[in-house]
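Chemist: This one is data_10.tsv, TSV, C-alpha atoms.
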chain	number	residue	atom	x	y	z
A	1	ALA	CA	8.21	21.87	3.90
A	2	GLN	CA	7.29	18.23	3.98
A	3	SER	CA	8.01	16.33	0.80
A	4	VAL	CA	8.49	12.90	-0.66
A	5	THR	CA	10.97	12.29	-3.45
A	6	GLN	CA	11.03	9.32	-5.73
A	7	PRO	CA	14.05	10.08	-7.90
A	8	ASP	CA	13.32	7.51	-10.60
A	9	ILE	CA	10.38	8.31	-12.87
A	10	HIS	CA	10.60	4.89	-14.46
A	11	ILE	CA	12.70	1.77	-14.10
A	12	THR	CA	13.05	-1.25	-16.37
A	13	VAL	CA	14.19	-4.60	-14.99
A	14	SER	CA	14.33	-8.07	-16.43
A	15	GLU	CA	11.99	-10.70	-15.08
A	16	GLY	CA	13.74	-12.57	-12.29
A	17	ALA	CA	16.11	-9.70	-11.51
A	18	SER	CA	16.12	-7.86	-8.22
A	19	LEU	CA	14.44	-4.52	-7.75
A	20	GLU	CA	14.99	-1.49	-5.58
A	21	LEU	CA	12.79	1.61	-5.75
A	22	ARG	CA	14.07	4.64	-3.92
A	23	CYS	CA	12.14	6.99	-1.66
A	24	ASN	CA	13.40	9.89	0.41
A	25	TYR	CA	11.30	12.11	2.58
A	26	SER	CA	11.66	15.43	4.28
A	27	TYR	CA	9.84	15.67	7.57
A	28	GLY	CA	10.44	17.05	11.02
A	29	ALA	CA	9.92	13.76	12.82
A	30	THR	CA	9.59	10.15	11.84
A	31	PRO	CA	6.24	9.83	10.13
A	32	TYR	CA	4.29	6.79	9.13
A	33	LEU	CA	5.68	5.48	5.86
A	34	PHE	CA	3.86	3.61	3.13
A	35	TRP	CA	4.34	2.05	-0.27
A	36	TYR	CA	1.34	1.72	-2.53
A	37	VAL	CA	1.11	-0.01	-5.91
A	38	GLN	CA	-1.16	0.95	-8.78
A	39	SER	CA	-1.73	-1.56	-11.57
A	40	PRO	CA	-2.81	-0.15	-14.93
A	41	GLY	CA	-6.33	1.24	-14.78
A	42	GLN	CA	-6.69	0.51	-11.09
A	43	GLY	CA	-6.68	2.36	-7.80
A	44	LEU	CA	-3.84	2.21	-5.29
A	45	GLN	CA	-3.28	-0.80	-3.06
A	46	LEU	CA	-1.18	-0.79	0.10
A	47	LEU	CA	1.98	-2.89	-0.24
A	48	LEU	CA	3.46	-2.27	3.20
A	49	LYS	CA	3.81	0.28	5.95
A	50	TYR	CA	6.19	1.27	8.72
A	51	PHE	CA	5.27	3.02	11.93
A	52	SER	CA	7.62	1.68	14.57
A	53	GLY	CA	9.81	-1.23	15.56
A	54	ASP	CA	11.82	-3.34	13.15
A	55	THR	CA	13.11	-1.13	10.37
A	56	LEU	CA	12.77	-3.90	7.78
A	57	VAL	CA	9.12	-4.45	6.99
A	58	GLN	CA	7.56	-7.16	4.92
A	59	GLY	CA	4.63	-6.57	2.63
A	60	ILE	CA	2.41	-8.36	0.20
A	61	LYS	CA	3.55	-9.89	-3.08
A	62	GLY	CA	7.06	-10.56	-1.75
A	63	PHE	CA	8.01	-6.91	-1.30
A	64	GLU	CA	9.97	-5.49	1.60
A	65	ALA	CA	11.15	-2.03	2.57
A	66	GLU	CA	13.81	-0.73	4.89
A	67	PHE	CA	13.51	2.43	6.92
A	68	LYS	CA	16.78	4.28	7.43
A	69	ARG	CA	16.32	7.21	9.76
A	70	SER	CA	19.79	8.63	9.14
A	71	GLN	CA	19.12	8.83	5.41
A	72	SER	CA	15.41	9.71	5.64
A	73	SER	CA	14.81	6.88	3.22
A	74	PHE	CA	12.30	4.09	2.84
A	75	ASN	CA	13.39	2.05	-0.17
A	76	LEU	CA	11.28	-0.75	-1.57
A	77	ARG	CA	12.89	-4.02	-2.62
A	78	LYS	CA	12.02	-7.32	-4.18
A	79	PRO	CA	14.57	-10.11	-4.76
A	80	SER	CA	13.02	-11.48	-7.95
A	81	VAL	CA	10.61	-9.48	-10.10
A	82	HIS	CA	7.67	-11.10	-11.88
A	83	TRP	CA	6.03	-9.74	-15.02
A	84	SER	CA	2.89	-9.05	-12.98
A	85	ASP	CA	4.84	-6.53	-10.89
A	86	ALA	CA	4.76	-4.06	-13.78
A	87	ALA	CA	2.88	-1.13	-12.27
A	88	GLU	CA	3.36	2.30	-10.76
A	89	TYR	CA	4.66	2.52	-7.22
A	90	PHE	CA	4.03	5.38	-4.83
A	91	CYS	CA	5.85	6.15	-1.64
A	92	ALA	CA	3.84	8.13	0.91
A	93	VAL	CA	4.33	9.64	4.33
A	94	ALA	CA	1.80	10.66	6.93
A	95	PRO	CA	2.40	12.53	10.17
A	96	LEU	CA	1.62	10.61	13.33
A	97	ASN	CA	-1.94	10.74	14.56
A	98	THR	CA	-3.51	12.56	11.65
A	99	GLY	CA	-5.72	9.80	10.31
A	100	GLY	CA	-4.59	10.10	6.73
A	101	PHE	CA	-5.47	13.80	6.42
A	102	LYS	CA	-1.94	14.90	5.78
A	103	THR	CA	-0.65	12.04	3.66
A	104	ILE	CA	1.91	13.23	1.13
A	105	PHE	CA	2.62	11.16	-1.95
A	106	GLY	CA	5.69	10.98	-4.11
A	107	ALA	CA	5.34	11.44	-7.86
A	108	GLY	CA	5.56	7.70	-8.44
A	109	THR	CA	7.95	5.30	-10.16
A	110	ARG	CA	6.70	3.29	-13.08
A	111	LEU	CA	8.17	-0.19	-13.26
A	112	PHE	CA	8.54	-1.95	-16.59
A	113	VAL	CA	9.42	-5.65	-16.64
A	114	LYS	CA	11.04	-7.18	-19.70
A	115	ALA	CA	11.05	-10.85	-20.52
B	1	ASP	CA	-13.46	-7.86	1.57
B	2	VAL	CA	-13.33	-4.11	2.10
B	3	LYS	CA	-14.37	-2.01	-0.82
B	4	VAL	CA	-14.40	1.53	-2.11
B	5	THR	CA	-16.54	1.83	-5.22
B	6	GLN	CA	-16.42	4.64	-7.74
B	7	SER	CA	-19.50	4.41	-9.88
B	8	SER	CA	-18.05	5.83	-13.09
B	9	ARG	CA	-14.76	4.43	-14.39
B	10	TYR	CA	-14.66	6.55	-17.55
B	11	LEU	CA	-16.47	9.79	-18.36
B	12	VAL	CA	-16.31	12.18	-21.27
B	13	LYS	CA	-17.85	15.61	-20.72
B	14	ARG	CA	-17.94	18.93	-22.52
B	15	THR	CA	-16.56	22.19	-21.20
B	16	GLY	CA	-19.07	23.89	-18.95
B	17	GLU	CA	-20.98	20.73	-18.03
B	18	LYS	CA	-21.66	19.85	-14.40
B	19	VAL	CA	-19.99	16.61	-13.40
B	20	PHE	CA	-20.73	14.33	-10.45
B	21	LEU	CA	-18.30	11.68	-9.32
B	22	GLU	CA	-19.71	9.27	-6.79
B	23	CYS	CA	-17.83	7.19	-4.23
B	24	VAL	CA	-19.22	4.64	-1.79
B	25	GLN	CA	-17.34	2.68	0.88
B	26	ASP	CA	-18.61	-0.29	2.85
B	27	MET	CA	-16.06	-0.20	5.68
B	28	ASP	CA	-17.89	2.25	7.97
B	29	HIS	CA	-14.93	4.63	7.68
B	30	GLU	CA	-15.35	8.14	9.03
B	31	ASN	CA	-12.75	9.75	6.78
B	32	MET	CA	-13.10	10.03	3.04
B	33	PHE	CA	-10.94	11.75	0.45
B	34	TRP	CA	-10.87	12.85	-3.16
B	35	TYR	CA	-7.53	12.95	-4.93
B	36	ARG	CA	-6.53	13.98	-8.40
B	37	GLN	CA	-3.76	12.01	-10.12
B	38	ASP	CA	-1.72	13.45	-12.98
B	39	PRO	CA	1.46	12.05	-14.54
B	40	GLY	CA	4.59	13.25	-12.78
B	41	LEU	CA	2.62	14.95	-10.02
B	42	GLY	CA	1.54	11.97	-7.94
B	43	LEU	CA	-1.68	12.35	-5.98
B	44	ARG	CA	-2.96	15.73	-4.90
B	45	LEU	CA	-5.69	16.11	-2.31
B	46	ILE	CA	-8.77	18.01	-3.47
B	47	TYR	CA	-11.12	17.68	-0.48
B	48	PHE	CA	-11.61	15.44	2.50
B	49	SER	CA	-14.41	14.75	4.95
B	50	TYR	CA	-14.14	13.49	8.52
B	51	ASP	CA	-17.86	13.15	9.21
B	52	VAL	CA	-21.26	13.44	7.59
B	53	LYS	CA	-21.83	16.94	6.25
B	54	MET	CA	-18.28	17.93	7.25
B	55	LYS	CA	-15.68	18.81	4.65
B	56	GLU	CA	-12.28	20.42	4.48
B	57	LYS	CA	-10.31	21.79	1.56
B	58	GLY	CA	-7.22	19.96	0.49
B	59	ASP	CA	-4.35	21.29	-1.56
B	60	ILE	CA	-6.18	21.97	-4.84
B	61	PRO	CA	-9.89	22.66	-4.11
B	62	GLU	CA	-10.42	25.35	-6.75
B	63	GLY	CA	-13.09	24.40	-9.27
B	64	TYR	CA	-14.42	21.55	-7.13
B	65	SER	CA	-16.98	21.02	-4.39
B	66	VAL	CA	-18.02	17.96	-2.42
B	67	SER	CA	-21.03	16.52	-0.68
B	68	ARG	CA	-21.29	14.03	2.13
B	69	GLU	CA	-24.90	13.42	3.07
B	70	LYS	CA	-24.35	9.85	4.29
B	71	LYS	CA	-21.38	8.29	6.01
B	72	GLU	CA	-20.71	5.81	3.23
B	73	ARG	CA	-20.99	8.22	0.29
B	74	PHE	CA	-18.72	11.08	-0.75
B	75	SER	CA	-19.36	12.94	-3.99
B	76	LEU	CA	-17.07	15.21	-5.96
B	77	ILE	CA	-18.73	17.91	-8.03
B	78	LEU	CA	-17.31	19.94	-10.88
B	79	GLU	CA	-19.76	22.81	-11.24
B	80	SER	CA	-18.50	23.82	-14.68
B	81	ALA	CA	-15.96	21.41	-16.11
B	82	SER	CA	-12.90	22.76	-17.86
B	83	THR	CA	-10.31	21.05	-20.01
B	84	ASN	CA	-7.65	21.41	-17.30
B	85	GLN	CA	-9.77	19.16	-15.10
B	86	THR	CA	-9.14	16.22	-17.42
B	87	SER	CA	-7.54	13.76	-15.04
B	88	MET	CA	-7.83	10.57	-13.03
B	89	TYR	CA	-9.84	11.05	-9.84
B	90	LEU	CA	-9.33	8.70	-6.92
B	91	CYS	CA	-11.56	8.31	-3.89
B	92	ALA	CA	-10.18	6.90	-0.65
B	93	SER	CA	-11.28	6.25	2.90
B	94	THR	CA	-9.69	5.50	6.25
B	95	LEU	CA	-10.46	5.12	9.92
B	96	PRO	CA	-9.86	8.05	12.25
B	97	VAL	CA	-6.83	7.96	14.52
B	98	GLY	CA	-7.45	5.93	17.62
B	99	ALA	CA	-10.14	3.79	16.04
B	100	SER	CA	-7.88	0.80	16.50
B	101	ARG	CA	-4.35	0.15	17.68
B	102	SER	CA	-3.25	-0.90	14.25
B	103	ASN	CA	-4.68	2.13	12.49
B	104	THR	CA	-1.90	4.16	10.98
B	105	GLY	CA	-4.00	6.08	8.52
B	106	GLU	CA	-3.44	3.86	5.54
B	107	LEU	CA	-5.80	4.73	2.76
B	108	PHE	CA	-8.18	2.40	0.96
B	109	PHE	CA	-8.70	3.45	-2.64
B	110	GLY	CA	-11.35	3.00	-5.27
B	111	GLU	CA	-10.40	2.03	-8.81
B	112	GLY	CA	-10.52	5.59	-10.06
B	113	SER	CA	-12.62	7.66	-12.44
B	114	ARG	CA	-10.92	8.86	-15.57
B	115	LEU	CA	-12.52	12.11	-16.68
B	116	THR	CA	-11.96	13.69	-20.08
B	117	VAL	CA	-13.28	17.19	-20.65
B	118	LEU	CA	-13.52	18.24	-24.30
Take the structure from the file and write it as structure tokens.
Modeler:
Amino acid sequence: AQSVTQPDIHITVSEGASLELRCNYSYGATPYLFWYVQSPGQGLQLLLKYFSGDTLVQGIKGFEAEFKRSQSSFNLRKPSVHWSDAAEYFCAVAPLNTGGFKTIFGAGTRLFVKA
Amino acid sequence: DVKVTQSSRYLVKRTGEKVFLECVQDMDHENMFWYRQDPGLGLRLIYFSYDVKMKEKGDIPEGYSVSREKKERFSLILESASTNQTSMYLCASTLPVGASRSNTGELFFGEGSRLTVL
């Protein structure tokens, strides 16, 4: 069965420190891959996506993610975290050519940033 | 700027009440979705619609129904609210596959409607 695993329920990092949020997926073929961010009390906003080409993708707010086919992973990174990055982050996968109908979300990782 | 608007951000209802959650998008998207978000469970798809008056069940449709009378509006209905339907409800929309070369099915979300059923 298709699934998305975010192994860390929550992570705490110091402001200015680097960040890596893990995401592993189980799928028969390479799907589209997404990271969304949800600030407190808000809906989800797309941070970045991968569908082909360069396996290192750049997103908004200084985030990047690397697709590793051999590990079925799509980890999110940021070199220096800001207090405003405190939010919940969702990894998601969608099969090719399904127009969002079959998007599967991970359970989310909540990021806390300490001063 | 593209926008998905959920009319009610916070609602408190009593068990057995009928609840309407409204969602409007201004992006001319064909596809619209209702998700339920609960801690530790991520987002679960309740219903989706790919055209006016068309709807399909998602993963957890029990206790819910939907209505799509106009392209821009997708409503979620709880016919008789129960306490286990206390949750955050998120509406989303997207273009259909093939609508543009860059379309990969990314979802555009509203800000959510937090429903409490007492």
Chemist: Expressed in Å to a single decimal, how great is the separation between CA of Gly108 in chain A and CA of Glu111 in chain B?
Modeler: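 So the two atoms, CA of Gly108 in chain A and CA of Glu111 in chain B, lie 16.9 Å apart.
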Chemist: With a cut-off of 12 Å and counting only C-alpha atoms, select all residues of chain A in contact with chain B and give the selection as a ChimeraX atom specification.
Modeler: /A:3-10,31-52,88-110
Chemist: Check the smallest atom-to-atom distance from each of B:His29, B:Lys18, B:Lys57, B:Lys13 to Leu115 in chain B using only C-alpha atoms, then report the winner.
Modeler: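 For Leu115 in chain B, the nearest of the candidates is B:Lys13.
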Chemist: I'd like the contact shell of Ala86 in chain A - 6 Å cut-off, only C-alpha atoms, skipping same-chain residues fewer than 3 positions apart - returned as an MDAnalysis selection string.
Modeler: chainID A and resid 83 111:113
Chemist: Excluding Ser73 in chain A and residues on its chain fewer than 2 positions from it, collect all residues at most 7 Å away from it, counting all atoms listed in the file, and give them as number ranges by chain.
Modeler: A: 23-25, 67-69, 71, 75
Chemist: For the residues selected in the previous step, produce a file with C-alpha atoms as a compact mmCIF listing (two decimals), in the frame of the given file.
Modeler:
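Once everything was written out, this is part_6.txt:
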# COMPACT_ATOMS: atom_id res chain seq x y z
CA CYS A 23 12.14 6.99 -1.66
CA ASN A 24 13.40 9.89 0.41
CA TYR A 25 11.30 12.11 2.58
CA PHE A 67 13.51 2.43 6.92
CA LYS A 68 16.78 4.28 7.43
CA ARG A 69 16.32 7.21 9.76
CA GLN A 71 19.12 8.83 5.41
CA ASN A 75 13.39 2.05 -0.17
